[in-house]
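Chemist: Provided herewith: run00.cif, mmCIF, C-alpha atoms.
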```cif
data_final
#
loop_
_atom_site.label_atom_id
_atom_site.label_comp_id
_atom_site.auth_asym_id
_atom_site.auth_seq_id
_atom_site.Cartn_x
_atom_site.Cartn_y
_atom_site.Cartn_z
CA MET W 1 129.11 41.17 19.74
CA GLY W 2 127.22 44.33 18.81
CA LYS W 3 126.50 43.55 15.19
CA ALA W 4 122.84 44.44 15.51
CA THR W 5 122.79 46.79 12.56
CA GLU W 6 123.80 44.16 10.08
CA MET W 7 120.68 42.11 10.23
CA ASN W 8 117.97 44.65 9.77
CA ASP W 9 118.32 44.76 6.01
CA LYS W 10 117.57 41.07 5.73
CA HIS W 11 113.82 41.44 6.01
CA THR W 12 112.75 40.83 2.51
CA ARG W 13 109.04 41.21 2.01
CA SER W 14 107.10 39.68 -0.75
CA GLU W 15 103.42 39.38 -1.34
CA ALA W 16 103.81 37.04 -4.25
CA GLU W 17 103.03 33.75 -2.64
CA SER W 18 100.18 34.99 -0.48
CA GLY W 19 98.57 36.26 -3.64
CA ALA W 20 99.16 32.98 -5.37
CA LEU W 21 97.58 31.10 -2.50
CA LYS W 22 94.49 33.25 -2.46
CA ALA W 23 94.05 32.92 -6.18
CA SER W 24 94.13 29.14 -6.20
CA ALA W 25 90.71 27.61 -6.74
CA ILE W 26 89.85 24.42 -4.94
CA ASP W 27 88.41 21.55 -6.88
CA GLY W 28 86.85 19.13 -4.42
CA GLY W 29 86.64 16.30 -6.90
CA ARG W 30 90.36 16.16 -7.48
CA ARG W 31 91.26 16.37 -3.85
CA GLY W 32 91.28 12.63 -3.27
CA PHE W 33 93.49 11.99 -6.25
CA ILE W 34 96.00 14.68 -5.35
CA GLY W 35 96.02 13.54 -1.74
CA VAL W 36 97.15 10.12 -2.95
CA ALA W 37 99.57 11.63 -5.41
CA ALA W 38 101.11 13.87 -2.76
CA GLY W 39 101.41 10.88 -0.45
CA VAL W 40 103.25 8.96 -3.15
CA THR W 41 105.60 11.88 -3.73
CA ALA W 42 106.39 12.13 -0.05
CA ALA W 43 107.09 8.40 0.11
CA MET W 44 109.47 8.70 -2.81
CA VAL W 45 111.20 11.69 -1.30
CA ALA W 46 111.94 9.83 1.93
CA PRO W 47 114.51 7.34 0.58
CA GLY W 48 115.90 10.16 -1.56
CA VAL W 49 116.72 12.11 1.59
CA ILE W 50 119.27 9.56 2.65
CA LEU W 51 120.82 9.43 -0.80
CA HIS W 52 120.95 13.19 -0.85
CA ALA W 53 122.59 13.64 2.52
CA VAL W 54 125.64 11.86 1.18
CA ALA W 55 125.84 13.93 -2.00
CA ALA W 56 124.78 17.27 -0.51
CA ALA W 57 127.35 20.02 -0.27
CA PRO W 58 127.36 22.72 2.38
CA ARG W 59 126.14 26.06 1.12
CA SER W 60 128.76 28.52 -0.08
CA GLN W 61 126.52 31.37 -1.30
CA PRO W 62 124.23 33.52 0.88
CA VAL W 63 120.61 32.41 1.12
CA THR W 64 118.26 34.39 -1.10
CA SER W 65 114.59 35.22 -1.12
CA ASP W 66 114.14 33.11 -4.25
CA VAL W 67 112.86 30.43 -1.91
CA ARG W 68 110.57 30.59 1.07
CA TRP W 69 110.54 27.53 3.26
CA GLY W 70 107.30 26.39 4.81
CA LEU W 71 105.29 23.49 6.13
CA LEU W 72 101.84 22.21 5.36
CA ILE W 73 100.21 20.18 8.08
CA ASP W 74 97.30 17.95 7.20
CA THR W 75 95.55 17.68 10.54
CA THR W 76 93.32 14.87 9.28
CA LYS W 77 96.44 12.69 9.12
CA CYS W 78 97.87 13.82 12.45
CA VAL W 79 97.25 11.02 14.93
CA ASP W 80 96.03 11.44 18.49
CA GLY W 81 98.69 10.33 20.96
CA CYS W 82 101.52 10.32 18.43
CA SER W 83 104.45 12.54 19.29
CA ALA W 84 106.98 11.30 16.76
CA CYS W 85 107.60 14.81 15.37
CA VAL W 86 108.12 16.30 18.80
CA GLU W 87 110.63 13.62 19.76
CA ALA W 88 112.47 13.78 16.46
CA CYS W 89 112.72 17.55 16.82
CA GLY W 90 114.14 17.08 20.30
CA ARG W 91 116.79 14.65 19.08
CA GLU W 92 117.69 16.76 16.08
CA ASN W 93 118.09 19.94 18.06
CA GLY W 94 119.45 18.57 21.29
CA LEU W 95 116.31 19.35 23.30
CA ASP W 96 116.23 15.76 24.56
CA LEU W 97 119.43 16.51 26.46
CA GLN W 98 117.59 18.79 28.87
CA VAL W 99 117.37 17.54 32.43
CA LYS W 100 115.04 18.63 35.18
CA SER W 101 116.86 20.07 38.15
CA GLU W 102 116.19 18.28 41.40
CA ASP W 103 114.49 21.11 43.23
CA GLU W 104 112.04 21.71 40.40
CA SER W 105 108.54 20.24 40.42
CA GLU W 106 107.31 18.11 37.50
CA ALA W 107 104.64 20.67 36.73
CA ARG W 108 107.05 23.55 36.64
CA TRP W 109 109.49 21.57 34.51
CA ASP W 110 106.76 20.73 32.00
CA HIS W 111 106.00 24.39 31.81
CA GLN W 112 109.55 25.68 31.61
CA LYS W 113 111.52 23.22 29.54
CA SER W 114 112.30 24.15 26.01
CA VAL W 115 109.98 22.83 23.32
CA TRP W 116 110.02 23.68 19.64
CA ILE W 117 106.95 21.68 18.67
CA ARG W 118 103.85 21.26 20.81
CA LYS W 119 101.14 18.73 20.09
CA VAL W 120 97.82 20.53 20.39
CA LYS W 121 94.44 18.84 20.67
CA LEU W 122 91.36 20.86 19.85
CA GLN W 123 87.79 19.88 20.48
CA ASP W 124 84.77 21.53 18.98
CA ASN W 125 82.38 21.64 21.92
CA GLN W 126 79.28 21.67 19.75
CA THR W 127 80.11 18.76 17.50
CA GLY W 128 82.70 16.96 19.60
CA ARG W 129 85.07 16.79 16.64
CA VAL W 130 88.67 16.43 17.79
CA THR W 131 91.60 17.82 15.83
CA ASN W 132 95.26 17.10 16.53
CA LEU W 133 98.05 19.25 15.27
CA PRO W 134 101.69 20.07 15.86
CA MET W 135 102.30 23.73 16.63
CA MET W 136 105.67 25.30 16.09
CA CYS W 137 107.12 28.62 14.96
CA GLN W 138 104.89 29.66 12.07
CA HIS W 139 107.69 31.45 10.24
CA CYS W 140 105.62 34.55 9.60
CA GLU W 141 106.37 36.82 6.72
CA HIS W 142 105.79 39.71 9.13
CA PRO W 143 107.06 38.25 12.40
CA PRO W 144 106.01 40.14 15.56
CA CYS W 145 109.00 38.61 17.39
CA VAL W 146 111.33 40.42 14.99
CA ASP W 147 109.49 43.71 15.41
CA VAL W 148 109.92 43.75 19.17
CA CYS W 149 113.48 42.46 19.45
CA PRO W 150 115.70 45.21 20.87
CA THR W 151 119.00 43.75 19.63
CA GLY W 152 118.24 42.37 16.21
CA ALA W 153 118.75 38.83 17.52
CA SER W 154 115.30 37.79 16.40
CA PHE W 155 115.45 37.93 12.63
CA LYS W 156 114.06 36.52 9.43
CA ARG W 157 116.50 34.94 7.05
CA ALA W 158 116.14 35.76 3.37
CA ASP W 159 114.68 32.30 2.77
CA GLY W 160 111.85 32.96 5.21
CA ILE W 161 113.19 31.16 8.28
CA VAL W 162 112.48 33.13 11.43
CA MET W 163 115.13 32.47 14.03
CA VAL W 164 117.22 33.74 16.93
CA ASP W 165 120.85 34.71 16.54
CA ARG W 166 121.90 33.59 19.96
CA HIS W 167 125.07 35.57 19.81
CA LEU W 168 122.92 38.70 19.93
CA CYS W 169 120.11 37.48 22.19
CA ILE W 170 120.12 39.07 25.62
CA GLY W 171 117.30 36.91 26.94
CA CYS W 172 114.77 39.70 27.45
CA ARG W 173 111.92 37.48 26.17
CA TYR W 174 109.96 40.27 24.50
CA CYS W 175 109.71 37.99 21.48
CA MET W 176 108.06 35.31 23.58
CA MET W 177 105.43 37.82 24.66
CA ALA W 178 104.89 39.02 21.13
CA CYS W 179 104.48 35.59 19.55
CA PRO W 180 100.80 34.72 19.10
CA TYR W 181 101.67 31.04 18.80
CA LYS W 182 103.62 30.52 22.03
CA ALA W 183 106.31 29.10 19.79
CA ARG W 184 109.41 30.27 21.61
CA SER W 185 111.16 28.91 24.66
CA PHE W 186 113.68 30.36 27.03
CA ILE W 187 116.60 28.27 28.25
CA HIS W 188 116.52 28.49 32.02
CA GLN W 189 119.27 26.03 32.84
CA GLY W 190 122.91 25.59 32.09
CA THR W 191 123.40 23.07 29.31
CA SER W 192 125.96 20.35 28.77
CA GLY W 193 126.71 17.75 26.15
CA GLN W 194 125.39 19.93 23.31
CA LEU W 195 125.37 18.70 19.78
CA THR W 196 127.83 20.14 17.34
CA ARG W 197 124.98 20.93 14.98
CA ALA W 198 122.80 22.56 17.63
CA PRO W 199 124.62 24.83 20.06
CA ARG W 200 122.37 26.05 22.88
CA GLY W 201 122.86 27.59 26.27
CA LYS W 202 121.29 29.30 29.23
CA GLY W 203 119.83 32.77 28.90
CA CYS W 204 118.72 32.69 25.30
CA VAL W 205 115.44 32.24 23.51
CA GLU W 206 115.07 29.53 20.90
CA SER W 207 112.44 28.11 18.57
CA CYS W 208 111.90 25.99 15.49
CA ASN W 209 114.30 27.06 12.74
CA LEU W 210 113.08 24.58 10.14
CA CYS W 211 116.22 22.53 10.80
CA VAL W 212 118.37 25.32 9.43
CA HIS W 213 121.54 23.20 9.48
CA ARG W 214 119.80 20.74 7.18
CA ARG W 215 118.80 23.54 4.83
CA ASP W 216 122.36 24.81 4.63
CA ASN W 217 123.71 21.34 4.03
CA GLY W 218 121.32 20.78 1.16
CA GLU W 219 119.09 18.17 2.76
CA GLU W 220 115.54 17.65 1.56
CA SER W 221 113.40 17.75 4.67
CA THR W 222 113.14 18.44 8.37
CA ALA W 223 113.42 16.05 11.30
CA CYS W 224 109.69 16.28 12.06
CA VAL W 225 108.73 15.51 8.46
CA ASP W 226 111.04 12.49 8.36
CA ALA W 227 109.63 11.19 11.63
CA CYS W 228 106.04 11.63 10.47
CA VAL W 229 106.80 9.74 7.25
CA ALA W 230 108.56 7.00 9.22
CA GLU W 231 105.40 6.61 11.35
CA GLY W 232 103.42 6.22 8.15
CA HIS W 233 101.29 9.31 8.79
CA GLU W 234 102.76 11.76 6.30
CA ALA W 235 100.86 14.60 7.88
CA ILE W 236 103.60 17.20 7.34
CA VAL W 237 104.94 18.40 4.02
CA PHE W 238 108.03 20.59 3.89
CA GLY W 239 109.11 22.67 0.94
CA ASP W 240 109.50 25.86 -0.99
CA LEU W 241 106.34 27.96 -1.01
CA LYS W 242 107.64 30.05 -3.89
CA ASP W 243 108.21 27.15 -6.25
CA PRO W 244 104.84 26.33 -7.84
CA ALA W 245 106.10 22.85 -8.74
CA SER W 246 107.20 21.89 -5.21
CA PRO W 247 105.10 19.21 -3.48
CA ILE W 248 104.03 21.70 -0.81
CA SER W 249 102.85 24.30 -3.34
CA ARG W 250 101.01 21.70 -5.36
CA LYS W 251 99.27 20.42 -2.28
CA LEU W 252 98.40 23.93 -1.11
CA ASN W 253 96.98 24.50 -4.54
CA GLU W 254 94.72 21.47 -4.31
CA ILE W 255 93.48 21.23 -0.76
CA PRO W 256 91.96 23.94 1.45
CA SER W 257 94.33 25.21 4.09
CA ARG W 258 94.45 27.96 6.66
CA GLN W 259 96.84 30.05 8.64
CA ILE W 260 96.34 29.93 12.37
CA ARG W 261 95.21 33.38 13.53
CA GLU W 262 94.92 34.55 9.95
CA ASP W 263 93.19 37.65 11.38
CA LEU W 264 96.65 38.89 12.37
CA VAL W 265 97.71 38.95 8.69
CA LEU W 266 101.19 37.66 9.42
CA ASN W 267 101.27 35.48 6.30
CA THR W 268 102.60 32.43 8.07
CA GLY W 269 104.91 29.96 6.37
CA VAL W 270 103.24 27.08 8.21
CA ARG W 271 99.77 26.18 6.94
CA TYR W 272 97.15 23.81 8.28
CA SER W 273 94.49 21.87 6.47
CA GLY W 274 91.46 20.24 8.07
CA VAL W 275 91.05 22.91 10.75
CA MET B 1 143.13 47.51 28.56
CA ALA B 2 143.99 43.90 29.34
CA LYS B 3 143.24 43.02 25.74
CA ALA B 4 145.42 45.85 24.46
CA LEU B 5 148.24 44.58 26.63
CA VAL B 6 147.76 41.07 25.34
CA ARG B 7 147.74 42.36 21.79
CA ALA B 8 150.85 44.39 22.41
CA GLY B 9 152.38 41.34 24.01
CA LEU B 10 151.61 39.18 21.05
CA VAL B 11 152.96 41.76 18.64
CA ALA B 12 156.12 41.97 20.70
CA VAL B 13 156.45 38.20 20.65
CA GLY B 14 155.92 38.30 16.91
CA LEU B 15 158.59 40.96 16.42
CA VAL B 16 161.06 39.05 18.51
CA TRP B 17 160.25 35.96 16.53
CA VAL B 18 160.75 37.74 13.22
CA ALA B 19 164.01 39.28 14.43
CA PHE B 20 165.38 35.90 15.32
CA ALA B 21 163.64 33.92 12.63
CA THR B 22 166.94 32.86 11.15
CA ASN B 23 168.08 31.60 14.50
CA THR B 24 166.50 28.14 14.36
CA ALA B 25 167.48 27.29 17.91
CA LEU B 26 165.32 30.14 19.25
CA ALA B 27 162.45 29.62 16.81
CA GLY B 28 162.22 26.08 18.13
CA GLU B 29 161.58 27.43 21.61
CA VAL B 30 158.45 29.46 20.70
CA LYS B 31 155.64 27.87 22.63
CA ARG B 32 153.37 25.84 20.38
CA TYR B 33 149.79 25.05 21.27
CA VAL B 34 148.89 22.42 18.71
CA VAL B 35 148.13 19.32 20.76
CA GLU B 36 149.67 15.88 20.20
CA GLY B 37 147.25 13.43 18.68
CA SER B 38 145.05 16.05 16.99
CA ARG B 39 144.68 16.05 13.26
CA ALA B 40 146.36 19.46 13.23
CA ALA B 41 149.48 17.87 14.72
CA GLU B 42 149.90 15.92 11.50
CA LEU B 43 149.33 18.83 9.13
CA ASP B 44 151.72 21.55 8.04
CA SER B 45 149.47 24.51 8.24
CA CYS B 46 146.28 25.94 9.67
CA VAL B 47 143.53 27.43 7.50
CA GLU B 48 145.76 30.52 7.31
CA PRO B 49 149.48 30.96 8.00
CA THR B 50 150.21 30.32 11.66
CA GLU B 51 151.26 33.87 12.45
CA ARG B 52 148.05 35.18 10.97
CA MET B 53 145.96 32.66 12.88
CA ARG B 54 147.54 33.63 16.18
CA ARG B 55 146.60 37.25 15.70
CA MET B 56 143.43 37.08 13.72
CA HIS B 57 141.51 33.90 14.54
CA MET B 58 138.88 35.72 16.60
CA GLU B 59 138.10 38.04 13.71
CA PHE B 60 137.87 35.16 11.26
CA ILE B 61 135.52 33.20 13.50
CA LYS B 62 133.27 36.16 14.18
CA HIS B 63 132.89 36.96 10.50
CA GLN B 64 132.16 33.35 9.80
CA ARG B 65 129.58 33.36 12.55
CA ILE B 66 127.61 36.15 10.95
CA SER B 67 127.74 34.67 7.48
CA THR B 68 126.72 31.24 8.76
CA VAL B 69 123.90 32.29 11.04
CA HIS B 70 122.47 35.05 8.86
CA GLU B 71 123.35 33.94 5.36
CA GLY B 72 123.50 30.19 5.75
CA ILE B 73 127.05 29.87 4.46
CA ARG B 74 128.62 26.68 5.74
CA GLY B 75 131.26 25.91 3.17
CA THR B 76 133.96 28.28 4.42
CA LYS B 77 137.06 27.44 6.35
CA TYR B 78 136.75 29.52 9.49
CA SER B 79 133.90 27.61 11.08
CA LEU B 80 134.11 27.02 14.79
CA THR B 81 133.04 23.44 14.16
CA GLY B 82 136.06 23.16 11.85
CA CYS B 83 138.50 24.49 14.45
CA VAL B 84 137.22 21.93 16.95
CA ASP B 85 137.34 19.05 14.46
CA CYS B 86 140.92 19.64 13.46
CA HIS B 87 142.40 20.73 16.78
CA ILE B 88 140.68 18.19 19.02
CA SER B 89 142.85 15.57 20.71
CA TYR B 90 141.99 12.23 22.28
CA ASP B 91 142.72 10.30 25.42
CA VAL B 92 143.99 6.72 25.36
CA GLU B 93 140.48 5.39 24.74
CA ARG B 94 140.07 7.69 21.73
CA ILE B 95 137.58 9.85 23.61
CA PRO B 96 137.98 13.47 22.55
CA LYS B 97 139.04 15.92 25.24
CA PRO B 98 137.01 19.14 25.41
CA ILE B 99 138.96 21.70 23.44
CA ASN B 100 138.43 24.44 26.01
CA GLN B 101 140.08 22.51 28.84
CA PRO B 102 143.12 24.37 30.15
CA ASP B 103 145.45 21.69 28.81
CA GLN B 104 143.83 21.56 25.37
CA PHE B 105 144.31 23.65 22.25
CA CYS B 106 142.03 26.67 22.65
CA GLY B 107 141.95 26.39 26.45
CA ALA B 108 145.71 26.34 27.00
CA CYS B 109 146.48 29.47 25.05
CA HIS B 110 143.46 31.31 26.38
CA ALA B 111 144.45 30.40 29.93
CA TYR B 112 147.96 31.70 29.23
CA THR B 113 146.69 34.91 27.69
CA ALA B 114 143.86 35.33 30.23
CA VAL B 115 141.12 35.28 27.60
CA ASP B 116 137.77 34.05 28.87
CA LEU B 117 135.32 32.79 26.25
CA ASN B 118 131.71 31.80 26.68
CA CYS B 119 131.49 30.15 23.28
CA PHE B 120 131.60 26.63 24.69
CA ASP B 121 128.69 27.31 27.03
CA CYS B 122 126.64 26.65 23.92
CA HIS B 123 128.95 25.16 21.33
CA ALA B 124 130.04 21.54 21.60
CA SER B 125 133.62 21.44 22.78
CA VAL B 126 134.09 18.02 21.18
CA PRO B 127 132.84 16.80 17.80
CA ASN B 128 129.78 14.73 18.71
CA ARG B 129 126.53 12.91 17.97
CA PRO B 130 126.03 11.58 14.44
CA GLY B 131 124.34 14.00 12.15
CA VAL B 132 125.31 16.01 9.13
CA ASP B 133 128.00 18.09 10.79
CA ALA B 134 129.11 15.53 13.32
CA ASP B 135 129.31 12.67 10.82
CA ARG B 136 131.69 14.62 8.71
CA ALA B 137 133.65 15.58 11.80
CA HIS B 138 133.82 11.97 12.89
CA ARG B 139 134.94 10.73 9.55
CA GLU B 140 137.65 13.31 9.46
CA ALA B 141 138.71 12.65 13.01
CA GLY B 142 138.47 8.89 12.48
CA VAL B 143 136.16 8.31 15.46
CA GLU B 144 132.60 7.17 15.96
CA GLY B 145 130.00 7.55 18.62
CA LEU B 146 128.47 9.84 21.14
CA VAL B 147 130.65 11.82 23.46
CA ARG B 148 129.69 14.52 25.86
CA SER B 149 131.07 17.95 25.76
CA GLY B 150 132.40 19.78 28.79
CA ARG B 151 130.93 22.98 30.14
CA ASN B 152 132.74 26.22 30.38
CA GLY B 153 133.87 27.16 33.80
CA GLU B 154 135.67 23.82 33.81
CA GLY B 155 138.28 25.51 31.69
CA HIS B 156 138.77 28.41 29.35
#
```
Starting from the coordinates I provided, produce the structure as structure tokens.
Modeler:
Amino acid sequence: MGKATEMNDKHTRSEAESGALKASAIDGGRRGFIGVAAGVTAAMVAPGVILHAVAAAPRSQPVTSDVRWGLLIDTTKCVDGCSACVEACGRENGLDLQVKSEDESEARWDHQKSVWIRKVKLQDNQTGRVTNLPMMCQHCEHPPCVDVCPTGASFKRADGIVMVDRHLCIGCRYCMMACPYKARSFIHQGTSGQLTRAPRGKGCVESCNLCVHRRDNGEESTACVDACVAEGHEAIVFGDLKDPASPISRKLNEIPSRQIREDLVLNTGVRYSGV
Amino acid sequence: MAKALVRAGLVAVGLVWVAFATNTALAGEVKRYVVEGSRAAELDSCVEPTERMRRMHMEFIKHQRISTVHEGIRGTKYSLTGCVDCHISYDVERIPKPINQPDQFCGACHAYTAVDLNCFDCHASVPNRPGVDADRAHREAGVEGLVRSGRNGEGH
């Protein structure tokens, strides 16, 4: 399987969209209006997704860096106690098929089982303000997991998706150590009953890949986004960060947002507002 | 070494086959692995000529694997999902039988040629669970519903 050399030239780097984000001015007065407008857009996209899945054709050309996929999470809309995105992610990617082995304690299982999205609850101790947010792979432009990978298994696709080529992964877990977001999981157990769309097996690292099979089949959104819309929360927007007309870019342009651990200058593809 | 022998063996089989190609009685005796009841059993040809598939399928799949995982290309004919969809066969209740079982398409020939794959440790050995890929697979296979895939170690 030693094809490690082939993937190192795939790390396209571009500063364009980080520059664009910094340059965007925020007009507080229009925020409310755009918030509503973005909500409407998302609602209209949702039925379109189903229509699209029928018409969509599988990709026949290599992905390019003309797009960069990302997520914008509006933490003010993320509801305490809701885990719709986490569950949808599990169903989409076959994580719900994991079973605890009998000799393993609940606590250990909670700690060791594979998760691609974690719900995180933050409390400001001074003000008491509570923030909820889903935390997943942040799809960094400069991913530390890729830097440390000894086999080239951890890589960034031209369209910005950071993922693991499990044919190359040797399970060393350096990437898990390197990730500042605790976004990756290691598969400790043998698997069975895998989904056709989501192969997975013992001894490899895995993490959110922005529903890469959906991307390649021309679908509009991710499982977590669909689930959040279905719950009526619409806290997550998915889209192309390089297209200034995409709903995600327009929303980023209008509301203040941040990268988690922006001090690390990784230029994450997942952005948070209200934190 | 074992692989080289297998290769040499296959080439030898191929040469014998070519030499006697005109002798239909002998050609009929060449062991065939396409399983009754699979879609492939009703078709004339694989994604490439049969002889080429026998020798080259591993190369095709591995190239496809790189272009799919790294470049996102899904529309090409050598996908592993595609092999499983077309070569899968069913029991009397129309439940697909894991393709890596020693009596099934990939499993039978690999058992015979002593090839041990780990692909189906991760990859579904039956088309399953509705979704973009699986829906298409189901439509093509004419089946619905959730079926579980078998682990490796149960076969080849």
Chemist: Apply the PyMOL selection byres ((chain W and resi 99) around 9) to the file shown and report the selected residues as a list in words.
Modeler: Asp96, Leu97, Gln98, Lys100, Ser101, Lys113, Gln189 and Thr191 of chain W
Chemist: Compile the contact shell of stretch 62-65 of chain B as a ChimeraX atom specification: residues with an atom at most 12 Å away, counting all atoms listed in the file, same-chain residues fewer than 6 positions apart removed.
Modeler: /W:1-3,6,60,62,165-168 /B:56,71-83,119
Chemist: Counting only C-alpha atoms, which residues from chain W have an atom at most 8 Å from any atom of chain B, and could you show them as an NGL selection string?
Modeler: :W and (7 or 53 or 57-63 or 157-158 or 165 or 190-202 or 212 or 214 or 216-217)
Chemist: Which value, in Å to one decimal, gives the distance between atom CA of W:Trp109 and atom CA of W:Tyr272?
Modeler: 29.1 Å
Chemist: At what distance in Å, to one decimal, does atom CA of W:Ala84 lie from atom CA of W:Glu262?
Modeler: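 Calculated distance between atom CA of W:Glu262 and atom CA of W:Ala84 is 27.1 Å.
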Chemist: Which residue, B:Arg54, B:Ile95, B:Ser38, B:Leu43, has the smallest gap to B:His110 when you use all atoms listed in the file?
Modeler: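 The answer is B:Arg54, which sits nearest to B:His110.
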Chemist: Give me, please, the distance in Å between atom CA of W:Arg91 and atom CA of B:Val92, quoted to one decimal.
Modeler: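 Separation between atom CA of W:Arg91 and atom CA of B:Val92: 29.0 Å.
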Chemist: Check what the PyMOL selection byres ((chain W and resi 160) around 7) selects in the file above and give those residues as a ChimeraX atom specification.
Modeler: /W:68-69,139,141,156-159,161-162
Chemist: Given the file shown, enumerate the residues that the PyMOL selection byres ((chain W and resi 251) around 9) captures and present them as a ChimeraX atom specification.
Modeler: /W:34-35,38,72,237,246-250,252-256
Chemist: What's the 9 Å shell around B:Tyr33, counting all atoms listed in the file, without same-chain residues fewer than 3 positions away, as a compact mmCIF listing (two decimals) with C-alpha atoms, in the frame of the given file?
Modeler:
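As written to disk, around.txt reads:
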```txt
# COMPACT_ATOMS: atom_id res chain seq x y z
CA GLN B 104 143.83 21.56 25.37
CA PHE B 105 144.31 23.65 22.25
CA CYS B 106 142.03 26.67 22.65
CA ALA B 108 145.71 26.34 27.00
CA CYS B 109 146.48 29.47 25.05
```
Chemist: Hey, what's within 12 Å of W:Arg118 if we count all atoms listed in the file and toss same-chain stuff fewer than 5 positions away? As a PyMOL selection string, please?
Modeler: chain W and resi 82-87+89-90+110-111+113+132-137+181-185+207-208+224
Chemist: My list of candidates is W:Asn93, W:Asn209, W:Thr268, W:Asn125. Which is closest to W:Ser154 when distances are computed with all atoms listed in the file?
Modeler: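 Looking only at the distances to W:Ser154, the closest residue turns out to be W:Asn209.
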Chemist: I need the residue nearest W:Ile73 from this list: W:Tyr174, W:Phe186, W:Phe155, W:Phe238. Use only C-alpha atoms for the distance.
Modeler: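 Counting only C-alpha atoms, the residue closest to W:Ile73 is W:Phe238.
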Chemist: Would you give the centre and edge lengths, in Å to one decimal, of a box along x, y and z around the listed atoms of stretch 94-99 of chain B, with 8 Å added to each side, as lines of an AutoDock Vina configuration file?
Modeler:
```
center_x = 138.5
center_y = 14.7
center_z = 23.6
size_x = 19.1
size_y = 30.0
size_z = 19.7
```
Chemist: Between W:Leu266, W:Ala88, W:Ala245, W:Cys140, single out the one closest to W:Ala230, counting all atoms listed in the file.
Modeler: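 Comparing W:Leu266, W:Ala88, W:Ala245, W:Cys140 against W:Ala230, the winner is W:Ala88.
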